[in-house]
Amino acid sequence: MHTGALNRLLKFDKWWLYKISTGVYTWMLFRYLLPSGAGTIQWYASDVVLFTLLIGLAIQGHFINDWGDLRADCLSGKHNLLSGLPDAWLPALMPGIIAVNLLIGLTLSNKIILLCVIGQTLLNVLYSLHPMRLKERGLAAAVVTGLHERALPYFIILLHIGVFKKWVFFSVCYIFWGFVWEIRNFLKGQSEDAQADALAGVRSIALTYGQTRIQRWMHTLLTAELVLLVVWQGYLFSLLQHKIIYALALIVFCSLYLFRHRVSDMRSLMPAADYLNVHALSGAAAIAIINIHNTSSLFFLLYFVLFPNKLILPTLLLIVPFALYIRGQIIHLYYAVRRPLSYFVNYTIYYFRLYVLRWPEEKARSDKRNKAG
């Protein structure tokens with residue numbers, strides 16, 4: 001089978017960059033925070049199995065969705081990956097994919113993951129197939145999409161790594177941020193497909209609530225996403241020098257993104273901004289630079305190879321040499337000014353208490369030092 005035919009069959013363009021890249025980024029972030037067991041054969045083997053499962057779940061979701069949309073897609077002329085397959089394959093294809101994913105889930109050590117795989121499958125079925133077909137049930141469609149497209153896969157990754165005992169707040173914040181992002185992205189897609197859905201007779205959320213209300217919801221969700229993004233990334237890049245390195249990476253990526261899309265009006269950009277891609281690239285670059293003397297940085301550099309993007313080459317040419325230099329300068333400057341700055345702050349507070357507030361204890365301490373002198 002040719003590569004183009006395989007891409008059309010499995011819809012790589014729909015989930016490789018969109019789902020697997022963010023899954024890999026999530027794995028790298030939490031492996032970076034909790035690197036216990038890193039470097040062992042079992043460590044690498046279990047992570048390979050994990051991503052085999054995630055890829056299988058992504059393929060499963062698209063197959064079940066296209067199975068439910070087969071008739072509507074034929075009416076509207078929209079591409080459906082099942083339309084080119086023999087009818088005799090369909091009864092065995094779906095159970096076969098589901099069974100393979102369940103078997104993969106069984107091989108992982110944390111058996112809660114198997115329950116998550118079952119839950120993911122149930123959500124796929126409830127979302128796409130009759131009689132429930134939550135895809136056509138307004139807000140329920142948005143919530144279920146956020147769960148099975150983003151929140152549950154992230155939860156599986158974090159369960160596999162075992163971060164909930166040590167990083168509960170960070171983990172919950174990260175999963176909820178992904179959940180909110182996916183709901184907004186779903187609303188954006190539904191808004192863009194409203195005309196095709198109307199022709200196919202599909203009761204989408206955009207047709208149910210109207211474009212004006214959908215746009216208002218998208219703006220509200222975007223605000224919530226950005227707040228959550230600032231919270232969990234501030235938690236991740238906790239040291240001052242790390243914040244500066246990440247800020248530099250983010251500025252470069254955002255500038256390249258705006259230049260690439262020729263965006264001059266920020267108000268038209270924000271509702272549809274693909275900042276998920278921008279911040280993931282920025283974070284991968286920043287953590288690779290922060291850990292440049294550690295082998296873990298290779299995983300973050302590998303991210304750029306596995307998920308190619310038009311922003312990669314100019315970014316590597318612009319940011320990496322500069323950031324490697326500035327990293328050493330930032331750390332040197334940080335340690336150079338830390339002690340003088342601490343003395344300055346302490347003495348400022350002391351003299352403010354002594355001469356402005358006229359605290360008795362500060363006056364007594366000053367008199368005692370003068371007598372001793």
# chains A, B, ... in the order shown; residues from 1 in each chain; ligands from 1
>>> select_by_dssp(residues="segment 140-295 of chain A", states="helix (DSSP H, G or I)", output="ChimeraX atom specification")
/A:140-161,168-192,194-200,205-209,211-236,240-261,266-272,275-290
>>> closest_residue(among="A:Leu70, A:Val117, A:Leu187, A:Leu126", to="Thr212 of chain A", atoms="only C-alpha atoms")
A:Leu187
>>> closest_residue(among="A:Gln233, A:Thr40, A:Gln215, A:Ser21", to="Ser171 of chain A", atoms="only C-alpha atoms")
A:Gln233
